[in-house]
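Trainee: Can you keep this structure in mind? I'll have questions shortly.
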Amino acid sequence: MNKMSFKDSVITAKQFSAVDMTTGKTIWFSRLRSPQHLYPLTEKDYCEAIKYAVQHGIDQMPILSVSTKDFPYCDFDCKDCLACPSRRWAIEDQHIKYPIIPIDKYKKILREISAYSSRRGFNKVRFEVCGEGNPDLYKHRIEMLEYANQECNMGLVYVSTGSHISDELLECLVNNVAFIRISFPGIGTDAYKTYSNQKSKNKDFSYDDAIHLLDKLCNARAKAGREDTLLIGTRTCIRPLNAGHYDEFIHTIANIGVDVFQGVKVLIPNFESVKNENISQKEVEELINLRELAYSYGLKDFQLPNNLNTVYKNRAMVERDKPTRCWSSLISPPLYGTNLMCCVLWDRITDFNYHYGIMEGEENELESLMHGESAKFIMKNCPRNCTECPSLKDNGFMESLWRVLKFQENLDNVKFITHY
């Protein structure tokens, strides 16, 4: 029997369970799977972090994942871009001191984040480069990625349209990153042009250019011998002009060698204004059919929203769904410039009460930030004062395990098992 590759082991797991090894009894299990969301980490890593929280205190949890917003400028002007309001707040209103992080400061911050979790026995922080702009355009990107991977042992995720991935950056990505996800504003030539809304003085980056980039990435991955560890994926918002083009798109990217696809709903700060805009029946039927066909085409994971109803996603929380605390704010804080925050929601980004503080990259700095007055405010008020949540599923997963583990007499006897 051939040994399963690391990539396949993460993507194909079916469920995770907590087992009391003294009795052999399963005390908790979950079939909640989000492999693309966590890669190269898994739900098992999050289970271990919750176990650590029960043993050592919730405020001592490691940081497992950070999404960084380090370059808030973009060559695309996508319809309903979620980043536009926060970009204006950060740049035009000058609320963020370093919307573009100086590389020397960046390295210190990366080292401090890695060290914070290493002191808690977690030696691989997932670090996602994404959002607020086009990360390809940050002039120190190669240096930043190489440092994060080679000096800080981070599991890097790179999310971009790819419109400015040079040959040098492509080589760096293939050799240093765990997951490369190329975003498609639209599926098909016309949809891509319409939804990307580019206003380039030169030739726009086209749908065909993006497909060609995926081909180059997959070929470079094979040449580098990283087919078992480097995940390559695509992402798009489910939009009307995409209808009728998904099947050809999925077939094309699977033949190229792309591993995974993610379709998501559009997010905007004011959901109420568009809550009744429906996805067409034609688009729904095409996507549902692809849930089965995508795997026969060769994809390893095909992810869609749970409910294919409205175009826009509602992230409103109801009281009965609220967990006792926001685990995500502790374990997955985002970094906007050098500001470490608790959440990526618009009203949290623009409220400094929900910022842990500004990172300078000093040694043991996170010990102060994650246990300071702002951290205490965040722990007290999230999710109690939250009306929306982008991490409700994550928080529910971690809350359910915490409720079980806190009543176990000896957590040293509890092991987490991956089931395939």
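Chain labels run A, B, ... following the order of the structure tokens; each chain numbers its residues from 1, and ligands are numbered from 1 in the order shown.
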Give me the residues near stretch 13-19 of chain A as a ChimeraX atom specification, where near means some atom within 8 Å (using only C-alpha atoms) and where sequence neighbours in that chain fewer than 6 positions away do not count.
Mentor: /A:25-33,43-44,414-420
Trainee: Mind checking which residues fall within 8 Å of stretch 393-403 of chain A, counting only C-alpha atoms, ignoring those fewer than 5 positions away in the same chain, and posting them as a PyMOL selection string?
Mentor: chain A and resi 28+30+32+46-47+50-51+54+323-328
Trainee: One number please: atom CA of A:Lys7 to atom CA of A:Ala178, in Å, one decimal.
Mentor: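 So the two atoms, atom CA of A:Lys7 and atom CA of A:Ala178, lie 9.4 Å apart.
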Trainee: Would you mind listing what lies within 10 Å of A:Pro383 as a count of residues only, with only C-alpha atoms counted and same-chain residues fewer than 2 positions away left out?
Mentor: 20
Trainee: Pick from A:His95, A:Arg315, A:Lys79, A:Arg120: nearest to A:Gln198, with only C-alpha atoms counted?
Mentor: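 Looking at the shortest contact to A:Gln198, the residue is A:Lys79.
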Trainee: Could you pull out the helix (DSSP H, G or I) residues of stretch 159-360 of chain A, going by DSSP on the backbone, and write them as a ChimeraX atom specification?
Mentor: /A:167-176,189-196,207-224,240-242,246-256,271-274,281-297,319-321,327-331,346-349,352-354
Trainee: Interatomic distance between atom CA of A:Thr68 and atom CA of A:Tyr138?
Mentor: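 About the pair atom CA of A:Thr68 and atom CA of A:Tyr138: they are 12.5 Å apart.
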Trainee: Residues within 12 Å of A:Gln150, please, as number ranges by chain. Count only C-alpha atoms; anything in the same chain fewer than 6 positions from it doesn't count.
Mentor: A: 107, 110-111, 114, 124, 142-144, 156, 172, 175-177
Trainee: Can you list, as a ChimeraX atom specification, every protein, DNA or RNA residue that comes within 10 Å of stretch 206-221 of chain A when you count only C-alpha atoms, leaving out same-chain residues fewer than 3 positions away?
Mentor: /A:161-163,165,167,170-171,173-175,180-193,196,198,203,224-234,249,252-253,255-259
Trainee: With N, CA and C atoms retained, write the just-selected residues as a compact mmCIF listing (two decimals), in the first residue's frame.
Mentor:
# COMPACT_ATOMS: atom_id res chain seq x y z
N THR A 161 -4.64 37.43 -6.94
CA THR A 161 -5.09 37.22 -8.32
C THR A 161 -3.93 36.72 -9.18
N GLY A 162 -2.71 36.98 -8.72
CA GLY A 162 -1.53 36.56 -9.47
C GLY A 162 -1.15 37.48 -10.61
N SER A 163 -1.79 38.63 -10.68
CA SER A 163 -1.59 39.50 -11.84
C SER A 163 -0.18 40.05 -11.96
N ILE A 165 2.64 38.30 -10.46
CA ILE A 165 3.61 37.29 -10.03
C ILE A 165 4.68 37.16 -11.11
N ASP A 167 8.47 35.87 -12.61
CA ASP A 167 9.11 34.55 -12.61
C ASP A 167 9.87 34.32 -11.31
N LEU A 170 7.32 33.68 -8.54
CA LEU A 170 6.75 32.35 -8.74
C LEU A 170 7.68 31.27 -8.21
N GLU A 171 8.96 31.40 -8.50
CA GLU A 171 9.93 30.42 -8.00
C GLU A 171 9.97 30.43 -6.48
N LEU A 173 7.54 31.34 -4.43
CA LEU A 173 6.30 30.76 -3.93
C LEU A 173 6.35 29.23 -3.96
N VAL A 174 6.78 28.70 -5.07
CA VAL A 174 6.79 27.24 -5.24
C VAL A 174 7.75 26.58 -4.25
N ASN A 175 8.78 27.28 -3.85
CA ASN A 175 9.78 26.69 -2.97
C ASN A 175 9.57 26.99 -1.48
N ILE A 180 -0.91 27.91 -2.32
CA ILE A 180 -1.08 29.06 -3.22
C ILE A 180 -2.51 29.03 -3.73
N ARG A 181 -3.25 30.10 -3.47
CA ARG A 181 -4.63 30.18 -3.94
C ARG A 181 -4.75 31.38 -4.87
N ILE A 182 -5.16 31.14 -6.10
CA ILE A 182 -5.35 32.20 -7.07
C ILE A 182 -6.83 32.58 -7.12
N SER A 183 -7.10 33.85 -6.88
CA SER A 183 -8.48 34.35 -6.85
C SER A 183 -8.95 34.74 -8.25
N PHE A 184 -10.14 34.33 -8.59
CA PHE A 184 -10.76 34.67 -9.87
C PHE A 184 -11.96 35.58 -9.60
N PRO A 185 -11.89 36.86 -10.01
CA PRO A 185 -13.05 37.74 -9.84
C PRO A 185 -14.27 37.22 -10.59
N GLY A 186 -14.02 36.54 -11.71
CA GLY A 186 -15.11 35.95 -12.48
C GLY A 186 -14.62 34.72 -13.21
N ILE A 187 -15.55 33.84 -13.58
CA ILE A 187 -15.22 32.62 -14.31
C ILE A 187 -15.62 32.82 -15.77
N GLY A 188 -14.65 32.74 -16.66
CA GLY A 188 -14.89 33.02 -18.08
C GLY A 188 -14.38 34.40 -18.44
N THR A 189 -14.11 34.62 -19.71
CA THR A 189 -13.48 35.85 -20.18
C THR A 189 -14.28 37.09 -19.82
N ASP A 190 -15.56 37.09 -20.13
CA ASP A 190 -16.38 38.28 -19.91
C ASP A 190 -16.60 38.55 -18.42
N ALA A 191 -16.89 37.49 -17.67
CA ALA A 191 -17.13 37.66 -16.24
C ALA A 191 -15.87 38.17 -15.53
N TYR A 192 -14.72 37.63 -15.92
CA TYR A 192 -13.45 38.06 -15.30
C TYR A 192 -13.22 39.55 -15.54
N LYS A 193 -13.42 39.98 -16.79
CA LYS A 193 -13.20 41.38 -17.13
C LYS A 193 -14.18 42.29 -16.41
N SER A 196 -13.52 42.09 -12.32
CA SER A 196 -12.22 42.61 -11.88
C SER A 196 -12.15 44.12 -12.03
N GLN A 198 -10.74 46.24 -13.97
CA GLN A 198 -9.39 46.81 -14.03
C GLN A 198 -9.37 48.08 -14.89
N LYS A 203 -2.08 46.59 -20.72
CA LYS A 203 -3.04 45.50 -20.95
C LYS A 203 -3.51 44.92 -19.61
N ALA A 224 9.98 21.27 -8.93
CA ALA A 224 10.59 21.43 -7.60
C ALA A 224 10.40 20.21 -6.72
N GLY A 225 9.63 19.21 -7.18
CA GLY A 225 9.40 18.00 -6.40
C GLY A 225 8.52 18.23 -5.19
N ARG A 226 7.55 19.16 -5.30
CA ARG A 226 6.71 19.49 -4.16
C ARG A 226 5.25 19.11 -4.37
N GLU A 227 4.99 18.16 -5.22
CA GLU A 227 3.60 17.77 -5.50
C GLU A 227 2.90 17.16 -4.28
N ASP A 228 3.66 16.62 -3.33
CA ASP A 228 3.06 16.00 -2.15
C ASP A 228 2.80 16.99 -1.01
N THR A 229 3.34 18.21 -1.11
CA THR A 229 3.21 19.15 0.01
C THR A 229 2.61 20.49 -0.37
N LEU A 230 2.79 20.94 -1.60
CA LEU A 230 2.30 22.25 -2.01
C LEU A 230 0.88 22.14 -2.58
N LEU A 231 -0.06 22.76 -1.92
CA LEU A 231 -1.45 22.78 -2.36
C LEU A 231 -1.67 24.00 -3.27
N ILE A 232 -2.25 23.77 -4.43
CA ILE A 232 -2.57 24.86 -5.34
C ILE A 232 -4.08 24.88 -5.56
N GLY A 233 -4.69 26.05 -5.37
CA GLY A 233 -6.14 26.13 -5.46
C GLY A 233 -6.63 27.40 -6.12
N THR A 234 -7.92 27.46 -6.32
CA THR A 234 -8.57 28.63 -6.90
C THR A 234 -9.77 29.00 -6.04
N PHE A 249 -14.50 25.41 -16.42
CA PHE A 249 -13.42 25.91 -15.57
C PHE A 249 -12.85 24.80 -14.69
N THR A 252 -10.89 22.33 -16.68
CA THR A 252 -9.61 22.91 -17.13
C THR A 252 -8.58 22.91 -16.02
N ILE A 253 -8.97 23.42 -14.84
CA ILE A 253 -7.97 23.53 -13.77
C ILE A 253 -7.57 22.15 -13.25
N ASN A 255 -7.34 19.40 -15.07
CA ASN A 255 -6.39 18.86 -16.05
C ASN A 255 -5.02 19.49 -15.90
N ILE A 256 -4.97 20.75 -15.51
CA ILE A 256 -3.70 21.44 -15.30
C ILE A 256 -2.95 20.84 -14.10
N GLY A 257 -3.71 20.42 -13.09
CA GLY A 257 -3.10 19.87 -11.89
C GLY A 257 -3.46 20.62 -10.62
N VAL A 258 -4.38 21.58 -10.72
CA VAL A 258 -4.85 22.31 -9.55
C VAL A 258 -5.56 21.33 -8.61
N ASP A 259 -5.37 21.51 -7.30
CA ASP A 259 -5.88 20.55 -6.32
C ASP A 259 -7.30 20.85 -5.85
Trainee: For A:Ile349, list every protein, DNA or RNA residue within 9 Å, evaluated using only C-alpha atoms, and leave out those in the same chain fewer than 6 positions away; present the list as a PyMOL selection string.
Mentor: chain A and resi 86+336+341-343+355
Trainee: What's the separation between atom CA of A:Arg348 and atom CA of A:Lys105, in Å to one decimal place?
Mentor: 24.3 Å
Trainee: Name all residues at most 10 Å from A:Asn123 (count only C-alpha atoms; drop same-chain ones fewer than 4 positions away) and give them as a PyMOL selection string.
Mentor: chain A and resi 62+64+114-119+152-155
Trainee: DSSP on the backbone, then: every residue of stretch 50-197 of chain A marked strand (DSSP E or B), written as a list in words.
Mentor: Ser65, Val66, Ser67, Thr68, Lys69, Arg126, Phe127, Glu128, Val129, Gly155, Leu156, Val157, Tyr158, Val159, Ser160, Phe179, Ile180, Arg181, Ile182, Ser183 and Phe184 of chain A
Trainee: For N, CA and C atoms, I'd like the residues from the last selection saved as a PDB file, in the first residue's frame.
Mentor:
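Writing the result to again-v6.pdb gives the following:
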ATOM      1  N   SER A  65      -2.577  30.701  13.816  1.00  0.00           N
ATOM      2  CA  SER A  65      -2.730  31.234  12.465  1.00  0.00           C
ATOM      3  C   SER A  65      -2.843  32.755  12.505  1.00  0.00           C
ATOM      4  N   VAL A  66      -2.190  33.412  11.556  1.00  0.00           N
ATOM      5  CA  VAL A  66      -2.279  34.865  11.408  1.00  0.00           C
ATOM      6  C   VAL A  66      -2.513  35.169   9.931  1.00  0.00           C
ATOM      7  N   SER A  67      -3.505  36.018   9.642  1.00  0.00           N
ATOM      8  CA  SER A  67      -3.656  36.529   8.277  1.00  0.00           C
ATOM      9  C   SER A  67      -3.129  37.956   8.276  1.00  0.00           C
ATOM     10  N   THR A  68      -2.243  38.246   7.344  1.00  0.00           N
ATOM     11  CA  THR A  68      -1.601  39.557   7.327  1.00  0.00           C
ATOM     12  C   THR A  68      -2.109  40.399   6.164  1.00  0.00           C
ATOM     13  N   LYS A  69      -2.409  41.649   6.475  1.00  0.00           N
ATOM     14  CA  LYS A  69      -2.836  42.625   5.473  1.00  0.00           C
ATOM     15  C   LYS A  69      -1.734  43.668   5.412  1.00  0.00           C
ATOM     16  N   ARG A 126       0.554  29.019  10.987  1.00  0.00           N
ATOM     17  CA  ARG A 126       0.034  29.254   9.637  1.00  0.00           C
ATOM     18  C   ARG A 126      -0.003  30.760   9.409  1.00  0.00           C
ATOM     19  N   PHE A 127       0.660  31.236   8.366  1.00  0.00           N
ATOM     20  CA  PHE A 127       0.746  32.676   8.111  1.00  0.00           C
ATOM     21  C   PHE A 127       0.214  32.958   6.715  1.00  0.00           C
ATOM     22  N   GLU A 128      -0.972  33.585   6.654  1.00  0.00           N
ATOM     23  CA  GLU A 128      -1.647  33.801   5.376  1.00  0.00           C
ATOM     24  C   GLU A 128      -1.434  35.225   4.877  1.00  0.00           C
ATOM     25  N   VAL A 129      -0.842  35.335   3.711  1.00  0.00           N
ATOM     26  CA  VAL A 129      -0.622  36.623   3.059  1.00  0.00           C
ATOM     27  C   VAL A 129      -1.802  36.868   2.135  1.00  0.00           C
ATOM     28  N   GLY A 155       4.062  27.987   8.169  1.00  0.00           N
ATOM     29  CA  GLY A 155       3.317  27.370   7.078  1.00  0.00           C
ATOM     30  C   GLY A 155       2.629  28.462   6.290  1.00  0.00           C
ATOM     31  N   LEU A 156       3.169  28.821   5.148  1.00  0.00           N
ATOM     32  CA  LEU A 156       2.732  30.012   4.419  1.00  0.00           C
ATOM     33  C   LEU A 156       1.597  29.718   3.453  1.00  0.00           C
ATOM     34  N   VAL A 157       0.633  30.638   3.432  1.00  0.00           N
ATOM     35  CA  VAL A 157      -0.486  30.594   2.492  1.00  0.00           C
ATOM     36  C   VAL A 157      -0.465  31.915   1.728  1.00  0.00           C
ATOM     37  N   TYR A 158      -0.543  31.830   0.407  1.00  0.00           N
ATOM     38  CA  TYR A 158      -0.450  33.032  -0.428  1.00  0.00           C
ATOM     39  C   TYR A 158      -1.707  33.144  -1.277  1.00  0.00           C
ATOM     40  N   VAL A 159      -2.461  34.241  -1.082  1.00  0.00           N
ATOM     41  CA  VAL A 159      -3.724  34.446  -1.784  1.00  0.00           C
ATOM     42  C   VAL A 159      -3.626  35.698  -2.638  1.00  0.00           C
ATOM     43  N   SER A 160      -3.824  35.549  -3.948  1.00  0.00           N
ATOM     44  CA  SER A 160      -3.647  36.674  -4.866  1.00  0.00           C
ATOM     45  C   SER A 160      -4.367  36.378  -6.177  1.00  0.00           C
ATOM     46  N   PHE A 179       0.543  26.696   0.516  1.00  0.00           N
ATOM     47  CA  PHE A 179      -0.737  26.762  -0.192  1.00  0.00           C
ATOM     48  C   PHE A 179      -0.766  28.045  -1.015  1.00  0.00           C
ATOM     49  N   ILE A 180      -0.911  27.914  -2.324  1.00  0.00           N
ATOM     50  CA  ILE A 180      -1.077  29.060  -3.221  1.00  0.00           C
ATOM     51  C   ILE A 180      -2.506  29.031  -3.732  1.00  0.00           C
ATOM     52  N   ARG A 181      -3.252  30.097  -3.468  1.00  0.00           N
ATOM     53  CA  ARG A 181      -4.635  30.177  -3.943  1.00  0.00           C
ATOM     54  C   ARG A 181      -4.754  31.385  -4.868  1.00  0.00           C
ATOM     55  N   ILE A 182      -5.162  31.141  -6.097  1.00  0.00           N
ATOM     56  CA  ILE A 182      -5.353  32.204  -7.073  1.00  0.00           C
ATOM     57  C   ILE A 182      -6.830  32.579  -7.116  1.00  0.00           C
ATOM     58  N   SER A 183      -7.103  33.855  -6.883  1.00  0.00           N
ATOM     59  CA  SER A 183      -8.485  34.347  -6.851  1.00  0.00           C
ATOM     60  C   SER A 183      -8.947  34.744  -8.248  1.00  0.00           C
ATOM     61  N   PHE A 184     -10.141  34.325  -8.594  1.00  0.00           N
ATOM     62  CA  PHE A 184     -10.759  34.668  -9.870  1.00  0.00           C
ATOM     63  C   PHE A 184     -11.957  35.581  -9.604  1.00  0.00           C
TER      64      PHE A 184
END
Trainee: Give the answer as one residue: which of A:Ile331, A:Val344, A:Leu287, A:Cys78 has the shortest atom-to-atom distance to A:Val125, using only C-alpha atoms?
Mentor: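 Using only C-alpha atoms, the shortest distance to A:Val125 belongs to A:Ile331.
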Trainee: Hey, which of A:Ile58, A:Met359, A:Tyr354, A:Thr338 ends up closest to A:Glu373? Count only C-alpha atoms.
Mentor: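 Closest candidate: A:Tyr354.
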Trainee: Let me make sure I understand: among A:Ala375, A:Ile91, A:Leu340, A:Lys406, which one has the smallest atom-to-atom distance to A:Gly361 if we use only C-alpha atoms?
Mentor: A:Leu340
Trainee: Ranking A:Leu82, A:Met370, A:Ile250, A:Lys223 by minimum distance to A:Gly298 and counting only C-alpha atoms, which one comes first?
Mentor: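 Checking each of A:Leu82, A:Met370, A:Ile250, A:Lys223 against A:Gly298, counting only C-alpha atoms, the winner is A:Ile250.
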